[in-house]
Every structure is written in structure tokens, then in C-alpha cells.
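Report on one structure; see the data block that follows.
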2 protein chains.
Amino acid sequence: MTTEDILVANAVDVWKGVFERAEKLFNSLSEEEMEKRVAPDRNRSIYIWGHLTATHDRAIALLGVGERLRPEFDAIFLNSADGMTQLPTVREIRDAWKQVSDRLNAAIVGLSAADWLEKHTAVNQEDFAKEPLRNKLAILLTRTNHLSYHLGQMVLVRS
Amino acid sequence: MTTEDILVANAVDVWKGVFERAEKLFNSLSEEEMEKRVAPDRNRSIYIWGHLTATHDRAIALLGVGERLRPEFDAIFLNSADGMTQLPTVREIRDAWKQVSDRLNAAIVGLSAADWLEKHTAVNQEDFAKEPLRNKLAILLTRTNHLSYHLGQMVLVRS
């Protein structure tokens, strides 16, 4: 392993740890718990789960590893607050989460250190030349923290 | 910048972003909000703040960049649940948070890519030879996610 390989493997390792913890929680919550708000007047767990699914679906595009799988989730989970639209069922979100996660995780373990250093797809070459941190690794690190942030909330609905 | 420098700068950049967001929240919460539980029967914000302070104090030792500043916080915030012991005041936790954060952040921006690849202090040379991911970067990445996790909770007490 080169030193670049080790640094990238550290980031992938932390992603895997947070992802596994999230999967375990999502598989353990009942439909009733999914309908619960994480705190009074705050989002329901089912909404946050859909929000994470939409965010990870966008990450597939940002990493340049494939077409988006569930772009229709954006209107519900990224551009609308909880309660503004009719949500898909827990079953539908579970299916979407699995589909998106399978694609994203396959991509994450498949990228080389050189790939992670490349620009992500939402920045142009000119800006990237000036800001080399706007690479694919930045997407992985920020999405890992985004998942941790919401995992800290969703765990609160568990009895 | 070498490619190692960029990969490390990505991790430091995400730490800084999460840390700044946390600072902003901690500075904006009132004493009443700090006393609020993040959800029914869960930890109070003040407890989580002390827990983060203790965790970051331990990170100073794990990174090998200095002596611990507040080891007495462990008994209260790492080895006891909220409600089991008398907590320090908001003022005392604020002072400890600042002291620990200043030291930790100075260390984080001061380490080189080669330093981040070194073993952290809780693993021995023999194990590290077999598991090169048990390096200082792993401490930074996991502590960043730990902060994100609890930040997602503490934000829930804000009116």
C-alpha cells in the first residue's frame, strides 16, 4: 500500500463503520418508530431516512460513478420539509435505500487513490485548478459526517 | 502540495467545518437550552458538551501532541451517564471546551502528512505494523464524525 492508499483507506474505513451502524439502526426500527419525530416539532425518522437516501443518490452523481437512481426523491426530501408532501412508505424508502446504498458502496470500494483526488462533478476544471480540495474525497468525507449527524438524531426514536 | 498533503488537507478541512458549526451552536445556546434534554429521557445538552470536551481531551493524548488538560472530566462525562454525578457549571464546561479546543486545533493544523500516518498512542508498534490504519488520521476522522453525531442531537434543543 502506498501512503496515498492508506490515507484513502482510512476515509473509506470510517465511511464503512458509520454506514454499518446506520444500517443496523434502520433495520431495527419499527414502522411506529420510523413515524416518530426525533424531538418535538422536528423531523420524523422516516423523513430523515429518505433525506439520506436522496443525499447518497446525489453522491453517486457527484462521484461520477453512474446515473442517479432516485432523482424523484429530491422534491420530497431535499426541497421540501417534513410534512409538506406525501412521503413514500417505509417499504418504498427501504427499497430505495438498499438500491442506492448498493450502488454507492460498490463505487466507494472501487475508486483508487488517484480517483479520489480527481474533481467531483459539480466543480469545473478552472475552479478545481485553484481549489484542489474540491475532489471526490471531499464528497466521501462530508457525506460520512452528514450520515453521522442524522444517525445521532434517528437513534433518539429507538425505545 | 503533494497528493498526501491534499488528502490530509481534505480531512482537516472537514474537521474545521464541523468544529466551526459546533462552536457557533455552543455559543448560541442559552443556559436553559443547555439544561434541556435532546429528546425525552435522553442526555441534556450540557452533558453532551462535557462529553465532547472529554473526548477531545483524550484525542490530544491519542495524537501524542501533549498532556491531557482535563482528565477529571472522564469520570463525569465518559464513565458516568447523565444524572449520575453532579455536573460542572455551563461556565466551567465552556472554559474547559475552549482550553481543550485551542490545544487540539493548534495540533491538528500543525501535523504533517507524515505525522498523520504515524501510529496513534493507544496502539503498540507490533499491532500497528499489521494494522496501518490505526494511525493519527483515524483519530481525526472518527472524532470528526463523533462531533457530527452529537451536533445533530444538540441542535434539537435550540428554540
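Letters A, B, ... mark the chains of the C-alpha cells in the order given; residue numbers begin at 1 per chain; ligand numbers begin at 1, in order shown.
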
Kindly determine which residues of chain B lie within 8 Å of chain A, considering only C-alpha atoms, and give the answer as a PyMOL selection string. chain B and resi 3-4+6-11+14+38-40+42+117+132-133+137-138+141-142+144-146+148-153+156

Any idea what's packed within 8 Å of A:Arg58, counting only C-alpha atoms, ignoring anything in its chain fewer than 4 positions away? Could you give it as a count of residues only? 4

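Put simply, atom CA of A:Thr121 is 23.2 Å away from atom CA of A:Ile76.
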
Quick one: distance from atom CA of B:Ala96 to atom CA of B:Lys16 in Å, one decimal?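 Atom-to-atom, atom CA of B:Ala96 to atom CA of B:Lys16, that is 18.8 Å.
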
Among chain B, which ones does DSSP assign to helix (DSSP H, G or I) (computed from the backbone)? Answer as a PyMOL selection string. chain B and resi 3-28+31-35+45-62+73-77+90-110+113-116+125-130+136-157

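With atom CA of B:Ala122 on one side and atom CA of B:Asn79 on the other, the separation reads 18.3 Å.
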
Determine, counting only C-alpha atoms, which protein, DNA and RNA residues have an atom within 12 Å of an atom of A:Met34; residues of the same chain fewer than 6 positions away are not included. Present the result as an mmCIF file with all heavy atoms, in the first residue's frame.
data_model
loop_
_atom_site.group_PDB
_atom_site.id
_atom_site.type_symbol
_atom_site.label_atom_id
_atom_site.label_comp_id
_atom_site.auth_asym_id
_atom_site.auth_seq_id
_atom_site.Cartn_x
_atom_site.Cartn_y
_atom_site.Cartn_z
ATOM 1 N N LEU A 25 -29.261 0.328 12.623
ATOM 2 C CA LEU A 25 -30.356 1.097 13.221
ATOM 3 C C LEU A 25 -31.600 1.033 12.342
ATOM 4 O O LEU A 25 -32.701 0.753 12.819
ATOM 5 C CB LEU A 25 -29.927 2.558 13.430
ATOM 6 C CG LEU A 25 -31.033 3.468 13.984
ATOM 7 C CD1 LEU A 25 -31.416 3.060 15.413
ATOM 8 C CD2 LEU A 25 -30.610 4.938 13.948
ATOM 9 N N PHE A 26 -31.431 1.274 11.031
ATOM 10 C CA PHE A 26 -32.586 1.310 10.127
ATOM 11 C C PHE A 26 -33.296 -0.049 10.102
ATOM 12 O O PHE A 26 -34.516 -0.121 9.979
ATOM 13 C CB PHE A 26 -32.176 1.700 8.709
ATOM 14 C CG PHE A 26 -31.466 3.027 8.613
ATOM 15 C CD1 PHE A 26 -30.680 3.342 7.507
ATOM 16 C CD2 PHE A 26 -31.575 3.980 9.625
ATOM 17 C CE1 PHE A 26 -30.026 4.568 7.421
ATOM 18 C CE2 PHE A 26 -30.920 5.210 9.545
ATOM 19 C CZ PHE A 26 -30.142 5.498 8.437
ATOM 20 N N ASN A 27 -32.517 -1.120 10.207
ATOM 21 C CA ASN A 27 -33.132 -2.450 10.206
ATOM 22 C C ASN A 27 -33.821 -2.781 11.523
ATOM 23 O O ASN A 27 -34.642 -3.687 11.591
ATOM 24 C CB ASN A 27 -32.071 -3.519 9.908
ATOM 25 C CG ASN A 27 -31.632 -3.484 8.462
ATOM 26 O OD1 ASN A 27 -32.395 -3.052 7.584
ATOM 27 N ND2 ASN A 27 -30.404 -3.890 8.195
ATOM 28 N N SER A 28 -33.453 -2.052 12.577
ATOM 29 C CA SER A 28 -34.021 -2.366 13.898
ATOM 30 C C SER A 28 -35.246 -1.522 14.243
ATOM 31 O O SER A 28 -35.998 -1.878 15.151
ATOM 32 C CB SER A 28 -32.963 -2.169 14.982
ATOM 33 O OG SER A 28 -32.772 -0.783 15.247
ATOM 34 N N ASN A 43 -38.133 16.705 12.542
ATOM 35 C CA ASN A 43 -38.402 15.713 11.504
ATOM 36 C C ASN A 43 -38.697 14.322 12.058
ATOM 37 O O ASN A 43 -38.149 13.933 13.089
ATOM 38 C CB ASN A 43 -37.187 15.587 10.575
ATOM 39 C CG ASN A 43 -36.971 16.835 9.756
ATOM 40 O OD1 ASN A 43 -37.916 17.492 9.346
ATOM 41 N ND2 ASN A 43 -35.702 17.179 9.509
ATOM 42 N N ARG A 44 -39.522 13.594 11.311
ATOM 43 C CA ARG A 44 -39.738 12.182 11.626
ATOM 44 C C ARG A 44 -38.541 11.371 11.106
ATOM 45 O O ARG A 44 -37.907 11.758 10.102
ATOM 46 C CB ARG A 44 -41.019 11.686 10.943
ATOM 47 C CG ARG A 44 -42.294 12.191 11.579
ATOM 48 C CD ARG A 44 -43.498 11.808 10.750
ATOM 49 N NE ARG A 44 -43.499 12.541 9.474
ATOM 50 C CZ ARG A 44 -44.292 12.270 8.447
ATOM 51 N NH1 ARG A 44 -45.142 11.263 8.519
ATOM 52 N NH2 ARG A 44 -44.240 12.994 7.348
ATOM 53 N N SER A 45 -38.302 10.239 11.728
ATOM 54 C CA SER A 45 -37.202 9.374 11.282
ATOM 55 C C SER A 45 -37.361 8.962 9.823
ATOM 56 O O SER A 45 -36.385 8.917 9.071
ATOM 57 C CB SER A 45 -37.108 8.129 12.167
ATOM 58 O OG SER A 45 -36.223 8.365 13.230
ATOM 59 N N ILE A 46 -38.585 8.644 9.413
ATOM 60 C CA ILE A 46 -38.799 8.202 8.031
ATOM 61 C C ILE A 46 -38.401 9.296 7.043
ATOM 62 O O ILE A 46 -37.831 9.016 5.978
ATOM 63 C CB ILE A 46 -40.271 7.762 7.797
ATOM 64 C CG1 ILE A 46 -40.428 7.178 6.399
ATOM 65 C CG2 ILE A 46 -41.256 8.888 8.051
ATOM 66 C CD1 ILE A 46 -41.813 6.599 6.122
ATOM 67 N N TYR A 47 -38.635 10.549 7.421
ATOM 68 C CA TYR A 47 -38.234 11.654 6.548
ATOM 69 C C TYR A 47 -36.704 11.728 6.446
ATOM 70 O O TYR A 47 -36.148 11.885 5.361
ATOM 71 C CB TYR A 47 -38.795 12.989 7.070
ATOM 72 C CG TYR A 47 -38.315 14.174 6.264
ATOM 73 C CD1 TYR A 47 -38.978 14.564 5.104
ATOM 74 C CD2 TYR A 47 -37.176 14.867 6.642
ATOM 75 C CE1 TYR A 47 -38.511 15.617 4.341
ATOM 76 C CE2 TYR A 47 -36.696 15.931 5.881
ATOM 77 C CZ TYR A 47 -37.373 16.301 4.735
ATOM 78 O OH TYR A 47 -36.901 17.341 3.975
ATOM 79 N N ILE A 48 -36.045 11.608 7.592
ATOM 80 C CA ILE A 48 -34.574 11.682 7.591
ATOM 81 C C ILE A 48 -33.991 10.532 6.763
ATOM 82 O O ILE A 48 -33.021 10.713 6.024
ATOM 83 C CB ILE A 48 -34.024 11.666 9.036
ATOM 84 C CG1 ILE A 48 -34.501 12.918 9.787
ATOM 85 C CG2 ILE A 48 -32.499 11.600 9.035
ATOM 86 C CD1 ILE A 48 -34.102 12.959 11.262
ATOM 87 N N TRP A 49 -34.601 9.352 6.852
ATOM 88 C CA TRP A 49 -34.115 8.199 6.082
ATOM 89 C C TRP A 49 -34.212 8.501 4.578
ATOM 90 O O TRP A 49 -33.286 8.225 3.810
ATOM 91 C CB TRP A 49 -34.907 6.950 6.457
ATOM 92 C CG TRP A 49 -34.259 5.661 6.061
ATOM 93 C CD1 TRP A 49 -32.970 5.473 5.619
ATOM 94 C CD2 TRP A 49 -34.854 4.368 6.084
ATOM 95 N NE1 TRP A 49 -32.740 4.151 5.375
ATOM 96 C CE2 TRP A 49 -33.864 3.454 5.636
ATOM 97 C CE3 TRP A 49 -36.115 3.888 6.430
ATOM 98 C CZ2 TRP A 49 -34.127 2.083 5.531
ATOM 99 C CZ3 TRP A 49 -36.360 2.526 6.334
ATOM 100 C CH2 TRP A 49 -35.382 1.627 5.887
ATOM 101 N N GLY A 50 -35.327 9.057 4.164
ATOM 102 C CA GLY A 50 -35.476 9.434 2.762
ATOM 103 C C GLY A 50 -34.492 10.535 2.368
ATOM 104 O O GLY A 50 -33.942 10.526 1.261
ATOM 105 N N THR A 89 -43.844 5.123 1.330
ATOM 106 C CA THR A 89 -43.992 4.245 2.501
ATOM 107 C C THR A 89 -42.614 3.817 3.015
ATOM 108 O O THR A 89 -41.599 3.963 2.317
ATOM 109 C CB THR A 89 -44.769 2.965 2.140
ATOM 110 O OG1 THR A 89 -43.987 2.244 1.166
ATOM 111 C CG2 THR A 89 -46.138 3.286 1.545
ATOM 112 N N VAL A 90 -42.590 3.270 4.222
ATOM 113 C CA VAL A 90 -41.339 2.752 4.788
ATOM 114 C C VAL A 90 -40.752 1.704 3.848
ATOM 115 O O VAL A 90 -39.545 1.690 3.584
ATOM 116 C CB VAL A 90 -41.582 2.148 6.197
ATOM 117 C CG1 VAL A 90 -40.374 1.348 6.668
ATOM 118 C CG2 VAL A 90 -41.917 3.256 7.198
ATOM 119 N N ARG A 91 -41.616 0.847 3.310
ATOM 120 C CA ARG A 91 -41.169 -0.197 2.381
ATOM 121 C C ARG A 91 -40.487 0.404 1.153
ATOM 122 O O ARG A 91 -39.430 -0.072 0.716
ATOM 123 C CB ARG A 91 -42.405 -1.028 1.971
ATOM 124 C CG ARG A 91 -42.214 -2.020 0.858
ATOM 125 C CD ARG A 91 -41.563 -3.294 1.390
ATOM 126 N NE ARG A 91 -41.290 -4.212 0.314
ATOM 127 C CZ ARG A 91 -42.108 -5.207 -0.043
ATOM 128 N NH1 ARG A 91 -43.232 -5.416 0.594
ATOM 129 N NH2 ARG A 91 -41.761 -6.025 -1.033
ATOM 130 N N ILE A 93 -39.108 3.383 0.874
ATOM 131 C CA ILE A 93 -37.835 4.028 1.238
ATOM 132 C C ILE A 93 -36.770 2.969 1.497
ATOM 133 O O ILE A 93 -35.618 3.118 1.105
ATOM 134 C CB ILE A 93 -38.026 4.970 2.448
ATOM 135 C CG1 ILE A 93 -38.956 6.131 2.049
ATOM 136 C CG2 ILE A 93 -36.680 5.517 2.928
ATOM 137 C CD1 ILE A 93 -39.334 7.059 3.179
ATOM 138 N N ARG A 94 -37.179 1.877 2.145
ATOM 139 C CA ARG A 94 -36.222 0.789 2.395
ATOM 140 C C ARG A 94 -35.646 0.256 1.081
ATOM 141 O O ARG A 94 -34.443 0.042 0.946
ATOM 142 C CB ARG A 94 -36.904 -0.343 3.181
ATOM 143 C CG ARG A 94 -35.957 -1.412 3.708
ATOM 144 C CD ARG A 94 -36.689 -2.501 4.515
ATOM 145 N NE ARG A 94 -37.436 -1.987 5.636
ATOM 146 C CZ ARG A 94 -36.900 -1.662 6.824
ATOM 147 N NH1 ARG A 94 -35.605 -1.805 7.031
ATOM 148 N NH2 ARG A 94 -37.657 -1.208 7.797
ATOM 149 N N GLN A 153 -29.469 11.713 15.417
ATOM 150 C CA GLN A 153 -30.869 12.093 15.643
ATOM 151 C C GLN A 153 -31.793 10.884 15.614
ATOM 152 O O GLN A 153 -32.654 10.714 16.482
ATOM 153 C CB GLN A 153 -31.294 13.105 14.569
ATOM 154 C CG GLN A 153 -30.466 14.381 14.634
ATOM 155 C CD GLN A 153 -30.816 15.383 13.560
ATOM 156 O OE1 GLN A 153 -31.226 15.007 12.459
ATOM 157 N NE2 GLN A 153 -30.645 16.653 13.869
ATOM 158 N N MET A 154 -31.617 10.037 14.597
ATOM 159 C CA MET A 154 -32.542 8.908 14.446
ATOM 160 C C MET A 154 -32.465 7.911 15.603
ATOM 161 O O MET A 154 -33.451 7.269 15.945
ATOM 162 C CB MET A 154 -32.308 8.198 13.114
ATOM 163 C CG MET A 154 -32.818 9.021 11.929
ATOM 164 S SD MET A 154 -32.530 8.203 10.331
ATOM 165 C CE MET A 154 -33.696 6.832 10.413
ATOM 166 N N VAL A 155 -31.305 7.811 16.210
ATOM 167 C CA VAL A 155 -31.148 6.883 17.327
ATOM 168 C C VAL A 155 -32.045 7.287 18.502
ATOM 169 O O VAL A 155 -32.394 6.442 19.342
ATOM 170 C CB VAL A 155 -29.645 6.812 17.733
ATOM 171 C CG1 VAL A 155 -29.236 7.999 18.588
ATOM 172 C CG2 VAL A 155 -29.307 5.511 18.406
ATOM 173 N N LEU A 156 -32.469 8.539 18.514
ATOM 174 C CA LEU A 156 -33.301 9.042 19.618
ATOM 175 C C LEU A 156 -34.734 8.497 19.601
ATOM 176 O O LEU A 156 -35.426 8.571 20.608
ATOM 177 C CB LEU A 156 -33.339 10.578 19.595
ATOM 178 C CG LEU A 156 -31.987 11.283 19.742
ATOM 179 C CD1 LEU A 156 -32.130 12.774 19.527
ATOM 180 C CD2 LEU A 156 -31.362 11.000 21.103
ATOM 181 N N VAL A 157 -35.187 7.959 18.474
ATOM 182 C CA VAL A 157 -36.565 7.438 18.421
ATOM 183 C C VAL A 157 -36.647 5.981 18.868
ATOM 184 O O VAL A 157 -37.725 5.422 19.025
ATOM 185 C CB VAL A 157 -37.211 7.556 17.013
ATOM 186 C CG1 VAL A 157 -37.170 8.997 16.519
ATOM 187 C CG2 VAL A 157 -36.559 6.619 16.004
ATOM 188 N N ARG A 158 -35.493 5.362 19.064
ATOM 189 C CA ARG A 158 -35.478 3.950 19.451
ATOM 190 C C ARG A 158 -35.881 3.805 20.910
ATOM 191 O O ARG A 158 -35.376 4.507 21.779
ATOM 192 C CB ARG A 158 -34.084 3.356 19.225
ATOM 193 C CG ARG A 158 -34.064 1.858 19.290
ATOM 194 C CD ARG A 158 -32.748 1.311 18.808
ATOM 195 N NE ARG A 158 -31.622 1.989 19.467
ATOM 196 C CZ ARG A 158 -30.352 1.795 19.137
ATOM 197 N NH1 ARG A 158 -30.039 0.989 18.148
ATOM 198 N NH2 ARG A 158 -29.394 2.411 19.781
ATOM 199 N N SER A 159 -36.803 2.890 21.164
ATOM 200 C CA SER A 159 -37.290 2.716 22.555
ATOM 201 C C SER A 159 -36.256 2.006 23.406
ATOM 202 O O SER A 159 -35.520 1.172 22.918
ATOM 203 C CB SER A 159 -38.561 1.883 22.562
ATOM 204 O OG SER A 159 -39.502 2.455 21.706
#

Name the residues in contact with B:Arg103 at a cut-off of 12 Å, using only C-alpha atoms, excluding same-chain residues fewer than 4 positions from it; report them as a PyMOL selection string. chain B and resi 53+56-61+63-70+96-99+107-110
